[in-house]
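Colleague: One structure coming up, written as structure tokens, with questions to follow.
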Amino acid sequence: MKPWTKNLTGLALGAGLALSASASQAVEIEYWQYFFEARVNAMDTLIEMFEAENPDITVKQTTFPYADYRTKVAAAIPAGEGPDVVQLFYGWLNDYVEAELITPLPVDAFPPEQIRAEFFPMVQAMEKDGQYMALPTAVRSLALFYNTRLFEEAGIDGPPETLDELVEIATALTKTDASGNITQVGLATGMNAQDHHWWREVLVRQMGGQSYTDDYQSVTYNNEAGVAALQFYADLQMTHNATLAGFMDQPQAAFKAGRAGMLIDGSFRIGALDKTRGLEWAVTELPAGPDGTRSNYSSYWVNAITTKAEGEKAEAAALFLAFITSDEAMQIWLDTVGELPAKPSAALTEQNSNDPVFGPFIRGLAYAHTTTFANESAQRQVLMDAMQRMLLEGQSAADSIAVAATEEQAILDGYYK
Amino acid sequence: MKLYRNLSIKQKQVVWAWTFLAIPVLFYTVIRFYPTFGAIVLSFQEWNLLSDKSWVGLENYQKLFADPVFWKVFKNTFIYLLLGTPISLVISFTIAYHLDKVNFLHATIRALYFLPFMTSAVAMAWLWRWFYQPVPIGLFNNILASLGISQLPFLNSTFSALPSILAPAVWAGLGFQIIIFMAGLRSIPTSYYEAAEIDGVGPFTVLREITIPLLKPTIVFLVVFSSIGFLRIFDQVFNMTTNDPGGPLNSTKPLVLMIYDTAFNAFDMGYAAAQTVVLFTVLLIVSLVQLFVMRERKHG
């Protein structure tokens, strides 16, 4: 056993002797995440608590604007200039692991079987060769936001429970002016926003299919289920007139402005909607499919230890990582940022799962799937184009899905070659 | 030091000349030539920023030339150029030609034309993007709807999206071109016009026989300058189509946006470098044509 892992175990058991051996020197570790005020505040709180528990360790937090973050991290870490603990989007991790820039989490402090049992199932994607590469503090899922004022106005009792009800309510909520121009949509849609996730992991499954093989390296939606899912999505606009792609530029903008009855979006939208004056909204779980199937898409940011952290720093980094993935940290993250705890033990407390806003998202986590992307923006583009071919060029769902499957498979093949 | 003292005055001048020249030479070597060379080398490699670079030979170029999106993008880039350059030059010349004859509030009008050139391209693109929105928020469509005319799709159509993006790009560049044209017009000796007047030549002939031929250096400069600008178009497209970058269905995507996407979304740096080399070659050819045209004039 390496000396530092010994120390870590010692600490975990609360043995003071091992601690004092390394406590004589102060260690500073650096933590990086992107700038989002609530996240930075939450992390400041966590760092303060961690430093109080570990007086010999100081943690320095550095943030970058979201738009630059991925490039900054990718440029700094290989150059050895980066952080000791870094927050990465789950989809990026693979590249970092392959380039050997991430130190796997020490097995004795982070036993895989325990993580498997304690975290939500989608976190298992972070396990490789019997070790966890990284862990999330929080996860995100999708839910259906609805404008309670518009519902009341139209005399609709409650949010849709099924896809059929979704279509029915969305159609009822759509308003047009005298010349037929849509001025309010029932459901705000946009493949570029969260709908491509809804389509991939929810609609296709509800139509009896699955978008990819389990390893996410082969596209499997070029079949009846895929066609049905795309047809359903396109019909919202083309047949039911219940939505309009590009209405008010972005779906969330339409919803915020009170011009959309419903919106499918992530838990990260809560904060922005909370701040919108005069908007009355509520959340419910995504509607169930024809046979009652429920599904959801979940994504998350993980914390990883870089290979830059060695010796004492690696030890401190592991301690810090264990702290920020504890139940306590997750509750603070939920209260400050609004992102959902990554462990059922922290998420499914009575208070959280009955919360009118967080509840639907948390319940969605139980049946959520996480897509493993090779290139998220390119794969998103494939579905956006599939939709545009139907809307702008009149292509059939079957033809469009066939083209999409070929395009996306080419992206996957290029990445996993 | 002794070595320097023994030099002749002529030689000392050479030493000093090179000392001063060393600054731009060094600057160009480090800031221009080294990265350019690096990009060319990178175009034969595969690199995702994280792993080590590996040699792939011509694979990036083969992939590029076999990619239908690349040809679509290449075509788009030239549509921007072939529509943008003549349209902007004709408009700016017309305005400059007439503005040159206006004395009333001349400076104010000229400043107004120059204003868009000083505005941030990003702010302008977002403003135009809002103009183009469908009802209920889009300015143009709201006007059309209030007149009872059906909406135009503008950015949401494979046919009209490119011209819709080109319009603000042309408008933004006008101010600069007008200023240059006016400087060119002012530098034509008035004696030619006086001679023409004495001979009783009509205004159209004056324009065709005196003004335009003598403006040739100005026109060549502006053609090249705006060609390079349109070949490198990015800001307007990127900001007006963030929901579907270069869309719909790649109908507005220029080469630079494809490079950006390959580099900073796909993190396929080698492939992006290969695209950059292609763009560089295109720009080089345009510049060489410029030199050729200028030289022809000097000897002719």
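Going by the structure tokens order, chains are called A, B, ..., each with residues numbered from 1, while ligands are numbered from 1 in the order shown.
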Pull out every residue of chain B sitting within 9 Å of chain A, counting only C-alpha atoms, and send them as an MDAnalysis selection string.

Modeller: chainID B and resid 48:52 129:130 133:138 145 148:151 156:158 243:245 247:250 261 264:267

Colleague: What's around segment 121-136 of chain A at 8 Å? Count only C-alpha atoms, leave out sequence neighbours fewer than 6 positions away in its own chain, and write the answer as an NGL selection string.

Modeller: :A and (90 or 97 or 102-107 or 110-112 or 298 or 300-305 or 325 or 342 or 368-370)

Colleague: Which of these, B:Tyr34, B:Phe27, B:Trp126, B:Phe93, has the shortest distance to Gln236 of chain B once you count only C-alpha atoms?

Modeller: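 Closest candidate: B:Trp126.
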
Colleague: Neighbouring residues of Gln217 of chain A were defined as those with any atom within 9 Å, considering only C-alpha atoms; residues of the same chain fewer than 6 positions away were excluded. Please report them as JSON, numbers by chain.

Modeller: {"A": [372, 373, 374, 409, 412, 413, 416]}

Colleague: One number please: atom CA of Asn6 of chain B to atom CA of Trp18 of chain B, in Å, one decimal.

Modeller: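 One can read the atom CA of Asn6 of chain B to atom CA of Trp18 of chain B distance as 17.8 Å.
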
Colleague: One decimal, in Å: what's the spacing between atom CA of Glu168 of chain A and atom CA of His240 of chain A?

Modeller: 8.6 Å

Colleague: List as a list in words the protein and nucleic acid residues near Gly84 of chain B, meaning an atom at most 9 Å away when only C-alpha atoms are counted, but skip any in the same chain fewer than 5 places from it.

Modeller: Ile79, Leu89, Leu166, Ala167, Ala169, Val170, Ser226, Ser227 and Phe230 of chain B

Colleague: Of the candidates A:Gly292, A:Gly394, A:Gly80, A:Gly414, which one gets nearest to Met238 of chain A if we count only C-alpha atoms?

Modeller: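 For Met238 of chain A, the nearest of the given residues is A:Gly394.
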
Colleague: Go through segment 147-191 of chain A and collect every residue that DSSP, computed from the backbone, puts in helix (DSSP H, G or I); the answer should be as a ChimeraX atom specification.

Modeller: /A:148-153,163-173,191

Colleague: Might you pull out every residue within 12 Å of Ala111 of chain B, with only C-alpha atoms counted and same-chain residues fewer than 3 positions away left off, and present them as a PyMOL selection string?

Modeller: chain B and resi 99+105-108+114-118+174-176+178-179

Colleague: For the structure I just gave you, how does DSSP split segment 15-215 of chain B - specifically, which residues are strand (DSSP E or B)? Reply as number ranges by chain.

Modeller: B: 45-46, 54-55

Colleague: Take the residues that were just selected and, keeping C-alpha atoms, output them as an mmCIF file, in the first residue's frame.

Modeller:
data_model
loop_
_atom_site.group_PDB
_atom_site.id
_atom_site.type_symbol
_atom_site.label_atom_id
_atom_site.label_comp_id
_atom_site.auth_asym_id
_atom_site.auth_seq_id
_atom_site.Cartn_x
_atom_site.Cartn_y
_atom_site.Cartn_z
ATOM 1 C CA GLN B 45 -1.688 14.740 -37.494
ATOM 2 C CA GLU B 46 -4.459 13.620 -35.210
ATOM 3 C CA SER B 54 0.005 11.066 -33.953
ATOM 4 C CA TRP B 55 0.859 11.172 -37.653
#

Colleague: Would you work out the distance separating atom CA of Ile401 of chain A from atom CA of Tyr221 of chain A, expressed in Å to one decimal?

Modeller: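 So the two atoms, atom CA of Ile401 of chain A and atom CA of Tyr221 of chain A, lie 7.7 Å apart.
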